[in-house]
Amino acid sequence: MSATERLEETLAEFSDAAENSAIILRPSDEFVASRTLDEITNRALTYLNAGYSVHFSGPAGTGKTTLAFHVAALLGRPTTLLHGDHEFGSSDLVGRESGYRKSRVIDNFISSVVKLEERGHALWVDNRITTACRHGHTIIYDEFNRSRPEANNPFLSILSEGVLNAPQLHGRGEGYVSVHPDFRAIFTSNPAEYAGVHRAQDALLDRMVTISLGHYDREAEIAITASKSGIDFAEAERIVDIVALCRREGSDPSHPTIRACVAIGRVLSLRCAKADPDDKDFLWACRDMLAGVAPNGLRVEAGEGRYDFIDSLVRRSCGSARRARGARTTTKTGDAA
């Protein structure tokens with residue numbers, strides 16, 4: 001195939017993607033790379049290129065969806081996006097009959113004889129999974145366990161046999177759709193969530209490779225906070241250390257997440273404030289963004305004392321950072337002498 005033919009084929013695929021509500025993803029310069037994230041990305045791409053589906057599983061704020069978009073962009077195929085919803089049925093994913101077409105032929109060639117012939121058939125409309133299977137798109141199924149398990153049954157045959165079973169298509173002479181060899185699926189879910197989720201079928205989980213995600217390492221969180229909020233690394237470092245201290249001494253080791261770091265950083269950037277407990281804007285941002293943090297599983301009570309625990313964590317963390325900087329300065333001075 002010549003270069004011109006390959007270009008025409010690619011353009012045709014992208015045109016088809018636009019018509020079928022797929023999106024064209026490109027790797028973003030805003031994606032914050034780190035050693036940990038690069039390792040996870042490479043693992044996911046390896047599994048996908050080997051023909052497997054990938055499942056990013058982790059609590060809120062661990063970047064599952066962002067990572068799924070990044071990996072899908074690196075695959076270089078049109079992408080179909082789905083969000084789990086308990087209202088979904090299989091027809092919402094695969095397709096359904098929509099309308100009816102009837103044609104009539106009246107033959108009155110001989111004036112004294114009238115011949116009527118009627119034909120009718122239901123109209124089938126592909127939905128997103130069927131379209132992705134036909135054309136080899138990448139599917140990102142975000143929070144797939146928010147859909148009822150029976151709605152996700154079509155993926156069982158798609159991921160194992162490479163066939164989409166659609167009995168309603170028998171009227172069109174099909175009934176089965178062969179899955180395009182370039183079709184890939186990336187799932188995300190939050191196993192710690194307790195509201196609005198369903199337990200996924202073991203049979204479906206067995207057909208995908210699950211990569212468990214947690215909070216990123218300190219280096220990655222500092223880089224993400226600085227990049228997404230626009231503050232410098234020194235300020236981002238203090239914020240990340242405060243949030244990490246909240247996880248260690250608060251009631252829930254999964255919260256607060258990296259979102260709290262970015263939110264505090266954006267407030268500092270907007271107000272030209274500093275990550276210092278004597279800065280009122282910074283202190284109130286920490287109080288509000290970390291308001292759900294409580295010690296030893298205790299409830300956060302209303303009143304003047306509700307912020308005492310957060311204030312103490314902020315001052316302790318910032319004090320430790322000052323002492324560490326002072327120790328480094330003393331060491332450098334001593335080395336110079």
# chains A, B, ... in the order shown; residues from 1 in each chain; ligands from 1
call {"tool": "closest_atom_pairs", "arguments": {"of": "segment 128-226 of chain A", "to": "segment 65-88 of chain A", "cutoff": "9 Å", "atoms": "only C-alpha atoms", "output": "tab-separated table"}}
result
residue	atom	partner	partner_atom	distance
A:Arg128	CA	A:Thr80	CA	6.9
A:Ile129	CA	A:Thr80	CA	8.1
A:Thr131	CA	A:Thr80	CA	8.9
A:Ala132	CA	A:Thr80	CA	6.8
A:Gly136	CA	A:Arg77	CA	7.8
A:His137	CA	A:Pro78	CA	5.1
A:Thr138	CA	A:Thr79	CA	4.6
A:Ile139	CA	A:Thr80	CA	4.8
A:Ile140	CA	A:Leu81	CA	5.0
A:Tyr141	CA	A:Leu82	CA	4.7
A:Asp142	CA	A:His83	CA	4.8
A:Glu143	CA	A:Gly84	CA	5.2
A:Phe144	CA	A:Gly84	CA	4.5
A:Asn145	CA	A:Gly84	CA	6.4
A:Arg146	CA	A:Gly84	CA	4.7
A:Ser147	CA	A:His86	CA	4.3
A:Arg148	CA	A:His86	CA	5.4
A:Ala151	CA	A:Phe88	CA	6.2
A:Asn152	CA	A:Phe88	CA	8.9
A:Asp182	CA	A:Arg77	CA	8.2
A:Phe183	CA	A:Arg77	CA	8.8
A:Arg184	CA	A:Ala72	CA	8.9
A:Ala185	CA	A:Ala72	CA	9.0
A:Ile186	CA	A:Ala68	CA	6.5
A:Phe187	CA	A:Ala68	CA	7.8
A:Thr188	CA	A:Thr65	CA	6.9
A:Gly196	CA	A:His86	CA	7.7
A:Val197	CA	A:His86	CA	8.0
A:His198	CA	A:His86	CA	8.5
call {"tool": "write_last_selection", "arguments": {"atoms": "N, CA, C and O atoms", "output": "mmCIF file, in the first residue's frame"}}
result
data_model
loop_
_atom_site.group_PDB
_atom_site.id
_atom_site.type_symbol
_atom_site.label_atom_id
_atom_site.label_comp_id
_atom_site.auth_asym_id
_atom_site.auth_seq_id
_atom_site.Cartn_x
_atom_site.Cartn_y
_atom_site.Cartn_z
ATOM 1 N N ARG A 128 -23.142 2.489 20.526
ATOM 2 C CA ARG A 128 -21.709 2.765 20.551
ATOM 3 C C ARG A 128 -20.827 1.514 20.556
ATOM 4 O O ARG A 128 -19.794 1.490 19.896
ATOM 5 N N ILE A 129 -21.221 0.466 21.278
ATOM 6 C CA ILE A 129 -20.377 -0.730 21.296
ATOM 7 C C ILE A 129 -20.342 -1.382 19.928
ATOM 8 O O ILE A 129 -19.277 -1.779 19.438
ATOM 9 N N THR A 131 -20.836 -0.025 17.006
ATOM 10 C CA THR A 131 -20.049 0.816 16.102
ATOM 11 C C THR A 131 -18.552 0.627 16.348
ATOM 12 O O THR A 131 -17.763 0.507 15.405
ATOM 13 N N ALA A 132 -18.151 0.606 17.618
ATOM 14 C CA ALA A 132 -16.732 0.438 17.951
ATOM 15 C C ALA A 132 -16.221 -0.931 17.502
ATOM 16 O O ALA A 132 -15.102 -1.050 16.996
ATOM 17 N N GLY A 136 -13.294 -0.904 14.780
ATOM 18 C CA GLY A 136 -12.018 -1.028 15.462
ATOM 19 C C GLY A 136 -11.656 0.168 16.310
ATOM 20 O O GLY A 136 -10.481 0.544 16.388
ATOM 21 N N HIS A 137 -12.642 0.766 16.961
ATOM 22 C CA HIS A 137 -12.359 1.893 17.839
ATOM 23 C C HIS A 137 -11.883 1.392 19.203
ATOM 24 O O HIS A 137 -12.050 0.225 19.549
ATOM 25 N N THR A 138 -11.313 2.296 19.968
ATOM 26 C CA THR A 138 -10.989 2.027 21.368
ATOM 27 C C THR A 138 -12.142 2.517 22.233
ATOM 28 O O THR A 138 -12.617 3.635 22.056
ATOM 29 N N ILE A 139 -12.612 1.678 23.131
ATOM 30 C CA ILE A 139 -13.680 2.069 24.058
ATOM 31 C C ILE A 139 -13.075 2.401 25.418
ATOM 32 O O ILE A 139 -12.265 1.638 25.955
ATOM 33 N N ILE A 140 -13.425 3.559 25.962
ATOM 34 C CA ILE A 140 -13.138 3.881 27.360
ATOM 35 C C ILE A 140 -14.468 3.783 28.103
ATOM 36 O O ILE A 140 -15.383 4.571 27.863
ATOM 37 N N TYR A 141 -14.580 2.810 28.975
ATOM 38 C CA TYR A 141 -15.814 2.601 29.733
ATOM 39 C C TYR A 141 -15.531 3.035 31.166
ATOM 40 O O TYR A 141 -15.021 2.277 31.978
ATOM 41 N N ASP A 142 -15.866 4.284 31.465
ATOM 42 C CA ASP A 142 -15.535 4.892 32.744
ATOM 43 C C ASP A 142 -16.554 4.486 33.803
ATOM 44 O O ASP A 142 -17.767 4.590 33.588
ATOM 45 N N GLU A 143 -16.043 4.047 34.962
ATOM 46 C CA GLU A 143 -16.902 3.600 36.071
ATOM 47 C C GLU A 143 -17.932 2.584 35.580
ATOM 48 O O GLU A 143 -19.139 2.723 35.799
ATOM 49 N N PHE A 144 -17.436 1.529 34.939
ATOM 50 C CA PHE A 144 -18.344 0.566 34.297
ATOM 51 C C PHE A 144 -19.217 -0.168 35.304
ATOM 52 O O PHE A 144 -20.305 -0.648 34.955
ATOM 53 N N ASN A 145 -18.785 -0.251 36.576
ATOM 54 C CA ASN A 145 -19.591 -0.966 37.561
ATOM 55 C C ASN A 145 -20.752 -0.129 38.099
ATOM 56 O O ASN A 145 -21.468 -0.567 38.991
ATOM 57 N N ARG A 146 -20.955 1.077 37.547
ATOM 58 C CA ARG A 146 -22.179 1.825 37.866
ATOM 59 C C ARG A 146 -23.342 1.372 36.978
ATOM 60 O O ARG A 146 -24.490 1.732 37.241
ATOM 61 N N SER A 147 -23.040 0.618 35.937
ATOM 62 C CA SER A 147 -24.089 -0.004 35.136
ATOM 63 C C SER A 147 -24.448 -1.352 35.752
ATOM 64 O O SER A 147 -23.610 -2.002 36.394
ATOM 65 N N ARG A 148 -25.693 -1.776 35.551
ATOM 66 C CA ARG A 148 -26.095 -3.078 36.076
ATOM 67 C C ARG A 148 -25.296 -4.181 35.392
ATOM 68 O O ARG A 148 -24.990 -4.084 34.198
ATOM 69 N N ALA A 151 -26.349 -5.405 31.938
ATOM 70 C CA ALA A 151 -26.164 -4.490 30.808
ATOM 71 C C ALA A 151 -24.802 -4.687 30.162
ATOM 72 O O ALA A 151 -24.630 -4.411 28.966
ATOM 73 N N ASN A 152 -23.824 -5.166 30.932
ATOM 74 C CA ASN A 152 -22.471 -5.349 30.413
ATOM 75 C C ASN A 152 -22.229 -6.733 29.831
ATOM 76 O O ASN A 152 -21.104 -7.045 29.412
ATOM 77 N N ASP A 182 -8.578 -4.314 15.510
ATOM 78 C CA ASP A 182 -8.005 -3.164 16.213
ATOM 79 C C ASP A 182 -8.856 -2.704 17.393
ATOM 80 O O ASP A 182 -8.484 -1.748 18.076
ATOM 81 N N PHE A 183 -9.979 -3.354 17.634
ATOM 82 C CA PHE A 183 -10.835 -2.973 18.761
ATOM 83 C C PHE A 183 -10.110 -3.221 20.079
ATOM 84 O O PHE A 183 -9.504 -4.271 20.286
ATOM 85 N N ARG A 184 -10.168 -2.237 20.979
ATOM 86 C CA ARG A 184 -9.607 -2.381 22.316
ATOM 87 C C ARG A 184 -10.569 -1.748 23.321
ATOM 88 O O ARG A 184 -11.323 -0.822 22.971
ATOM 89 N N ALA A 185 -10.520 -2.191 24.571
ATOM 90 C CA ALA A 185 -11.403 -1.660 25.609
ATOM 91 C C ALA A 185 -10.591 -1.341 26.859
ATOM 92 O O ALA A 185 -9.750 -2.137 27.287
ATOM 93 N N ILE A 186 -10.841 -0.171 27.435
ATOM 94 C CA ILE A 186 -10.205 0.260 28.674
ATOM 95 C C ILE A 186 -11.316 0.569 29.673
ATOM 96 O O ILE A 186 -12.174 1.425 29.410
ATOM 97 N N PHE A 187 -11.324 -0.128 30.795
ATOM 98 C CA PHE A 187 -12.352 0.036 31.817
ATOM 99 C C PHE A 187 -11.747 0.747 33.032
ATOM 100 O O PHE A 187 -10.564 0.616 33.317
ATOM 101 N N THR A 188 -12.595 1.491 33.753
ATOM 102 C CA THR A 188 -12.194 2.039 35.042
ATOM 103 C C THR A 188 -13.285 1.744 36.066
ATOM 104 O O THR A 188 -14.466 1.635 35.720
ATOM 105 N N GLY A 196 -24.291 3.739 44.567
ATOM 106 C CA GLY A 196 -24.546 3.793 43.135
ATOM 107 C C GLY A 196 -23.701 2.863 42.302
ATOM 108 O O GLY A 196 -23.520 3.093 41.104
ATOM 109 N N VAL A 197 -23.155 1.787 42.909
ATOM 110 C CA VAL A 197 -22.324 0.856 42.155
ATOM 111 C C VAL A 197 -22.880 -0.557 42.287
ATOM 112 O O VAL A 197 -23.670 -0.856 43.188
ATOM 113 N N HIS A 198 -22.451 -1.426 41.367
ATOM 114 C CA HIS A 198 -22.852 -2.830 41.373
ATOM 115 C C HIS A 198 -21.598 -3.698 41.384
ATOM 116 O O HIS A 198 -20.538 -3.269 40.928
#
call {"tool": "residues_around", "arguments": {"residues": "segment 34-40 of chain A", "least_positions_apart": "5", "cutoff": "12 Å", "atoms": "only C-alpha atoms", "output": "VMD selection string"}}
result
chain A and resid 45 to 47 54 to 56 62 to 64 66 to 68 70 to 71 210 to 224
call {"tool": "select_by_dssp", "arguments": {"residues": "segment 116-218 of chain A", "states": "strand (DSSP E)", "output": "ChimeraX atom specification"}}
result
/A:116-126,138-142,163-165,176-178,184-189,208-212
call {"tool": "write_last_selection", "arguments": {"atoms": "N, CA, C and O atoms", "output": "CSV table (one decimal), in the first residue's frame"}}
result
chain,number,residue,atom,x,y,z
A,116,LEU,N,-51.2,-5.7,-5.7
A,116,LEU,CA,-50.5,-5.0,-4.6
A,116,LEU,C,-49.5,-5.9,-4.0
A,116,LEU,O,-49.7,-7.1,-3.8
A,117,GLU,N,-48.3,-5.3,-3.7
A,117,GLU,CA,-47.3,-6.0,-3.0
A,117,GLU,C,-46.7,-5.1,-1.9
A,117,GLU,O,-46.3,-3.9,-2.2
A,118,GLU,N,-46.7,-5.5,-0.7
A,118,GLU,CA,-46.2,-4.7,0.5
A,118,GLU,C,-45.1,-5.4,1.1
A,118,GLU,O,-45.1,-6.7,1.3
A,119,ARG,N,-44.1,-4.7,1.5
A,119,ARG,CA,-42.9,-5.2,2.2
A,119,ARG,C,-42.6,-4.3,3.4
A,119,ARG,O,-42.7,-3.1,3.3
A,120,GLY,N,-42.2,-4.8,4.5
A,120,GLY,CA,-41.9,-4.0,5.7
A,120,GLY,C,-40.8,-4.7,6.5
A,120,GLY,O,-40.6,-5.9,6.5
A,121,HIS,N,-40.0,-3.8,7.1
A,121,HIS,CA,-38.9,-4.3,8.0
A,121,HIS,C,-38.6,-3.3,9.0
A,121,HIS,O,-38.7,-2.1,8.8
A,122,ALA,N,-38.2,-3.8,10.2
A,122,ALA,CA,-37.8,-2.8,11.3
A,122,ALA,C,-36.4,-2.2,11.0
A,122,ALA,O,-35.6,-2.8,10.3
A,123,LEU,N,-36.2,-1.0,11.4
A,123,LEU,CA,-35.0,-0.3,11.2
A,123,LEU,C,-34.1,-0.5,12.4
A,123,LEU,O,-34.5,-0.1,13.5
A,124,TRP,N,-32.9,-0.9,12.2
A,124,TRP,CA,-31.9,-1.1,13.3
A,124,TRP,C,-30.9,0.0,13.3
A,124,TRP,O,-30.4,0.4,12.3
A,125,VAL,N,-30.7,0.5,14.5
A,125,VAL,CA,-29.7,1.6,14.7
A,125,VAL,C,-28.6,1.1,15.6
A,125,VAL,O,-28.8,0.7,16.8
A,126,ASP,N,-27.3,1.0,15.1
A,126,ASP,CA,-26.2,0.6,16.0
A,126,ASP,C,-26.0,1.6,17.1
A,126,ASP,O,-26.2,2.8,16.9
A,138,THR,N,-11.3,2.3,20.0
A,138,THR,CA,-11.0,2.0,21.4
A,138,THR,C,-12.1,2.5,22.2
A,138,THR,O,-12.6,3.6,22.1
A,139,ILE,N,-12.6,1.7,23.1
A,139,ILE,CA,-13.7,2.1,24.1
A,139,ILE,C,-13.1,2.4,25.4
A,139,ILE,O,-12.3,1.6,26.0
A,140,ILE,N,-13.4,3.6,26.0
A,140,ILE,CA,-13.1,3.9,27.4
A,140,ILE,C,-14.5,3.8,28.1
A,140,ILE,O,-15.4,4.6,27.9
A,141,TYR,N,-14.6,2.8,29.0
A,141,TYR,CA,-15.8,2.6,29.7
A,141,TYR,C,-15.5,3.0,31.2
A,141,TYR,O,-15.0,2.3,32.0
A,142,ASP,N,-15.9,4.3,31.5
A,142,ASP,CA,-15.5,4.9,32.7
A,142,ASP,C,-16.6,4.5,33.8
A,142,ASP,O,-17.8,4.6,33.6
A,163,VAL,N,-16.6,-11.8,19.2
A,163,VAL,CA,-17.9,-11.7,18.5
A,163,VAL,C,-18.9,-11.0,19.3
A,163,VAL,O,-19.0,-11.2,20.5
A,164,LEU,N,-19.7,-10.1,18.7
A,164,LEU,CA,-20.8,-9.4,19.4
A,164,LEU,C,-22.0,-10.1,19.0
A,164,LEU,O,-22.4,-10.2,17.8
A,165,ASN,N,-22.7,-10.7,20.0
A,165,ASN,CA,-24.0,-11.4,19.8
A,165,ASN,C,-25.1,-10.4,19.9
A,165,ASN,O,-25.4,-9.9,20.9
A,176,TYR,N,-24.8,-11.6,14.3
A,176,TYR,CA,-23.5,-11.6,14.9
A,176,TYR,C,-22.6,-10.5,14.2
A,176,TYR,O,-22.7,-10.4,13.0
A,177,VAL,N,-21.8,-9.8,15.0
A,177,VAL,CA,-20.9,-8.9,14.5
A,177,VAL,C,-19.5,-9.3,14.8
A,177,VAL,O,-19.1,-9.5,16.0
A,178,SER,N,-18.6,-9.5,13.8
A,178,SER,CA,-17.2,-9.9,14.1
A,178,SER,C,-16.5,-8.6,14.6
A,178,SER,O,-16.6,-7.5,14.0
A,184,ARG,N,-10.2,-2.2,21.0
A,184,ARG,CA,-9.6,-2.4,22.3
A,184,ARG,C,-10.6,-1.7,23.3
A,184,ARG,O,-11.3,-0.8,23.0
A,185,ALA,N,-10.5,-2.2,24.6
A,185,ALA,CA,-11.4,-1.7,25.6
A,185,ALA,C,-10.6,-1.3,26.9
A,185,ALA,O,-9.7,-2.1,27.3
A,186,ILE,N,-10.8,-0.2,27.4
A,186,ILE,CA,-10.2,0.3,28.7
A,186,ILE,C,-11.3,0.6,29.7
A,186,ILE,O,-12.2,1.4,29.4
A,187,PHE,N,-11.3,-0.1,30.8
A,187,PHE,CA,-12.4,0.0,31.8
A,187,PHE,C,-11.7,0.7,33.0
A,187,PHE,O,-10.6,0.6,33.3
A,188,THR,N,-12.6,1.5,33.8
A,188,THR,CA,-12.2,2.0,35.0
A,188,THR,C,-13.3,1.7,36.1
A,188,THR,O,-14.5,1.6,35.7
A,189,SER,N,-12.9,1.6,37.3
A,189,SER,CA,-13.9,1.4,38.4
A,189,SER,C,-13.3,1.8,39.7
A,189,SER,O,-12.0,1.9,39.9
A,208,MET,N,-10.3,-9.4,31.5
A,208,MET,CA,-9.5,-8.2,31.4
A,208,MET,C,-8.3,-8.2,32.4
A,208,MET,O,-8.3,-9.0,33.4
A,209,VAL,N,-7.3,-7.4,32.1
A,209,VAL,CA,-6.2,-7.3,33.0
A,209,VAL,C,-6.4,-6.1,34.0
A,209,VAL,O,-6.5,-5.0,33.5
A,210,THR,N,-6.5,-6.4,35.3
A,210,THR,CA,-6.7,-5.3,36.2
A,210,THR,C,-5.4,-4.7,36.8
A,210,THR,O,-4.6,-5.5,37.2
A,211,ILE,N,-5.3,-3.4,36.6
A,211,ILE,CA,-4.2,-2.7,37.2
A,211,ILE,C,-4.7,-1.9,38.4
A,211,ILE,O,-5.5,-0.9,38.2
A,212,SER,N,-4.3,-2.2,39.6
A,212,SER,CA,-4.7,-1.5,40.8
A,212,SER,C,-3.9,-0.2,41.0
A,212,SER,O,-2.7,-0.3,41.0
call {"tool": "select_by_dssp", "arguments": {"residues": "segment 109-263 of chain A", "states": "alpha helix (DSSP H)", "output": "number ranges by chain"}}
result
A: 128-135, 154-160, 202-205, 218-229, 233-249, 258-263
call {"tool": "write_last_selection", "arguments": {"atoms": "C-alpha atoms", "output": "PDB file, in the first residue's frame"}}
result
ATOM      1  CA  ARG A 128     -21.709   2.765  20.551  1.00  0.00           C
ATOM      2  CA  ILE A 129     -20.377  -0.730  21.296  1.00  0.00           C
ATOM      3  CA  THR A 130     -21.541  -2.137  17.973  1.00  0.00           C
ATOM      4  CA  THR A 131     -20.049   0.816  16.102  1.00  0.00           C
ATOM      5  CA  ALA A 132     -16.732   0.438  17.951  1.00  0.00           C
ATOM      6  CA  CYS A 133     -16.634  -3.308  17.246  1.00  0.00           C
ATOM      7  CA  ARG A 134     -17.352  -2.821  13.536  1.00  0.00           C
ATOM      8  CA  HIS A 135     -14.754  -0.100  12.974  1.00  0.00           C
ATOM      9  CA  PRO A 154     -22.311  -8.151  25.577  1.00  0.00           C
ATOM     10  CA  PHE A 155     -18.675  -7.633  26.605  1.00  0.00           C
ATOM     11  CA  LEU A 156     -18.377 -11.305  27.621  1.00  0.00           C
ATOM     12  CA  SER A 157     -18.422 -12.573  24.034  1.00  0.00           C
ATOM     13  CA  ILE A 158     -16.629  -9.491  22.703  1.00  0.00           C
ATOM     14  CA  LEU A 159     -13.608  -9.922  24.971  1.00  0.00           C
ATOM     15  CA  SER A 160     -13.334 -13.710  24.778  1.00  0.00           C
ATOM     16  CA  ASP A 202     -16.407 -12.426  37.846  1.00  0.00           C
ATOM     17  CA  ALA A 203     -16.643 -13.684  34.264  1.00  0.00           C
ATOM     18  CA  LEU A 204     -16.145 -10.146  32.948  1.00  0.00           C
ATOM     19  CA  LEU A 205     -13.286  -9.323  35.333  1.00  0.00           C
ATOM     20  CA  ARG A 218       5.467  12.004  46.435  1.00  0.00           C
ATOM     21  CA  GLU A 219       7.481  12.997  43.375  1.00  0.00           C
ATOM     22  CA  ALA A 220       4.532  12.437  41.035  1.00  0.00           C
ATOM     23  CA  GLU A 221       2.040  14.249  43.292  1.00  0.00           C
ATOM     24  CA  ILE A 222       4.318  17.284  43.559  1.00  0.00           C
ATOM     25  CA  ALA A 223       4.735  17.388  39.767  1.00  0.00           C
ATOM     26  CA  ILE A 224       0.967  17.057  39.192  1.00  0.00           C
ATOM     27  CA  THR A 225       0.115  19.733  41.778  1.00  0.00           C
ATOM     28  CA  ALA A 226       2.629  22.205  40.340  1.00  0.00           C
ATOM     29  CA  SER A 227       1.564  21.546  36.746  1.00  0.00           C
ATOM     30  CA  LYS A 228      -2.195  21.719  37.302  1.00  0.00           C
ATOM     31  CA  SER A 229      -2.189  24.748  39.623  1.00  0.00           C
ATOM     32  CA  PHE A 233       7.601  23.181  43.137  1.00  0.00           C
ATOM     33  CA  ALA A 234       8.527  24.418  46.612  1.00  0.00           C
ATOM     34  CA  GLU A 235       4.928  25.465  47.313  1.00  0.00           C
ATOM     35  CA  ALA A 236       3.574  22.258  45.766  1.00  0.00           C
ATOM     36  CA  GLU A 237       5.913  20.221  47.965  1.00  0.00           C
ATOM     37  CA  ARG A 238       4.502  21.761  51.154  1.00  0.00           C
ATOM     38  CA  ILE A 239       0.902  21.171  50.046  1.00  0.00           C
ATOM     39  CA  VAL A 240       1.554  17.536  49.117  1.00  0.00           C
ATOM     40  CA  ASP A 241       3.249  16.905  52.467  1.00  0.00           C
ATOM     41  CA  ILE A 242       0.257  18.365  54.336  1.00  0.00           C
ATOM     42  CA  VAL A 243      -2.184  16.151  52.430  1.00  0.00           C
ATOM     43  CA  ALA A 244       0.039  13.104  52.993  1.00  0.00           C
ATOM     44  CA  LEU A 245       0.055  13.841  56.731  1.00  0.00           C
ATOM     45  CA  CYS A 246      -3.759  14.046  56.657  1.00  0.00           C
ATOM     46  CA  ARG A 247      -3.887  10.563  55.106  1.00  0.00           C
ATOM     47  CA  ARG A 248      -1.527   9.118  57.719  1.00  0.00           C
ATOM     48  CA  GLU A 249      -3.201  10.612  60.780  1.00  0.00           C
ATOM     49  CA  ILE A 258      -4.520  14.662  44.770  1.00  0.00           C
ATOM     50  CA  ARG A 259      -7.558  16.791  43.861  1.00  0.00           C
ATOM     51  CA  ALA A 260      -7.250  18.533  47.229  1.00  0.00           C
ATOM     52  CA  CYS A 261      -3.595  19.346  46.476  1.00  0.00           C
ATOM     53  CA  VAL A 262      -4.498  20.858  43.101  1.00  0.00           C
ATOM     54  CA  ALA A 263      -7.428  22.823  44.570  1.00  0.00           C
TER      55      ALA A 263
END
call {"tool": "atom_distance", "arguments": {"atom1": "atom CA of Asp288 of chain A", "atom2": "atom CA of Cys272 of chain A"}}
result
17.9 Å
call {"tool": "atom_distance", "arguments": {"atom1": "atom CA of Asp278 of chain A", "atom2": "atom CA of Cys318 of chain A"}}
result
10.3 Å
call {"tool": "decode", "arguments": {"residues": "segment 223-229 of chain A", "atoms": "all heavy atoms", "output": "PDB file, in the first residue's frame"}}
result
ATOM      1  N   ALA A 223       4.713  16.976  41.171  1.00  0.00           N
ATOM      2  CA  ALA A 223       4.735  17.388  39.767  1.00  0.00           C
ATOM      3  C   ALA A 223       3.330  17.686  39.257  1.00  0.00           C
ATOM      4  O   ALA A 223       3.100  18.678  38.557  1.00  0.00           O
ATOM      5  CB  ALA A 223       5.388  16.306  38.914  1.00  0.00           C
ATOM      6  N   ILE A 224       2.356  16.852  39.627  1.00  0.00           N
ATOM      7  CA  ILE A 224       0.967  17.057  39.192  1.00  0.00           C
ATOM      8  C   ILE A 224       0.410  18.341  39.797  1.00  0.00           C
ATOM      9  O   ILE A 224      -0.229  19.143  39.112  1.00  0.00           O
ATOM     10  CB  ILE A 224       0.099  15.841  39.587  1.00  0.00           C
ATOM     11  CG1 ILE A 224       0.507  14.620  38.768  1.00  0.00           C
ATOM     12  CG2 ILE A 224      -1.379  16.148  39.369  1.00  0.00           C
ATOM     13  CD1 ILE A 224      -0.127  13.327  39.254  1.00  0.00           C
ATOM     14  N   THR A 225       0.632  18.540  41.096  1.00  0.00           N
ATOM     15  CA  THR A 225       0.115  19.733  41.778  1.00  0.00           C
ATOM     16  C   THR A 225       0.684  21.003  41.161  1.00  0.00           C
ATOM     17  O   THR A 225      -0.041  21.967  40.888  1.00  0.00           O
ATOM     18  CB  THR A 225       0.449  19.678  43.272  1.00  0.00           C
ATOM     19  OG1 THR A 225      -0.119  18.504  43.850  1.00  0.00           O
ATOM     20  CG2 THR A 225      -0.098  20.904  43.991  1.00  0.00           C
ATOM     21  N   ALA A 226       1.990  21.020  40.920  1.00  0.00           N
ATOM     22  CA  ALA A 226       2.629  22.205  40.340  1.00  0.00           C
ATOM     23  C   ALA A 226       2.124  22.455  38.920  1.00  0.00           C
ATOM     24  O   ALA A 226       1.834  23.595  38.543  1.00  0.00           O
ATOM     25  CB  ALA A 226       4.148  22.035  40.340  1.00  0.00           C
ATOM     26  N   SER A 227       1.982  21.392  38.140  1.00  0.00           N
ATOM     27  CA  SER A 227       1.564  21.546  36.746  1.00  0.00           C
ATOM     28  C   SER A 227       0.110  22.009  36.635  1.00  0.00           C
ATOM     29  O   SER A 227      -0.207  22.888  35.833  1.00  0.00           O
ATOM     30  CB  SER A 227       1.750  20.220  36.008  1.00  0.00           C
ATOM     31  OG  SER A 227       1.238  20.287  34.705  1.00  0.00           O
ATOM     32  N   LYS A 228      -0.764  21.431  37.425  1.00  0.00           N
ATOM     33  CA  LYS A 228      -2.195  21.719  37.302  1.00  0.00           C
ATOM     34  C   LYS A 228      -2.607  23.024  37.975  1.00  0.00           C
ATOM     35  O   LYS A 228      -3.665  23.583  37.640  1.00  0.00           O
ATOM     36  CB  LYS A 228      -3.016  20.576  37.909  1.00  0.00           C
ATOM     37  CG  LYS A 228      -2.823  19.234  37.228  1.00  0.00           C
ATOM     38  CD  LYS A 228      -3.260  19.263  35.779  1.00  0.00           C
ATOM     39  CE  LYS A 228      -3.111  17.899  35.126  1.00  0.00           C
ATOM     40  NZ  LYS A 228      -3.482  17.926  33.687  1.00  0.00           N
ATOM     41  N   SER A 229      -1.801  23.527  38.910  1.00  0.00           N
ATOM     42  CA  SER A 229      -2.189  24.748  39.623  1.00  0.00           C
ATOM     43  C   SER A 229      -1.361  25.963  39.226  1.00  0.00           C
ATOM     44  O   SER A 229      -1.777  27.098  39.444  1.00  0.00           O
ATOM     45  CB  SER A 229      -2.066  24.531  41.133  1.00  0.00           C
ATOM     46  OG  SER A 229      -0.724  24.288  41.501  1.00  0.00           O
TER      47      SER A 229
END
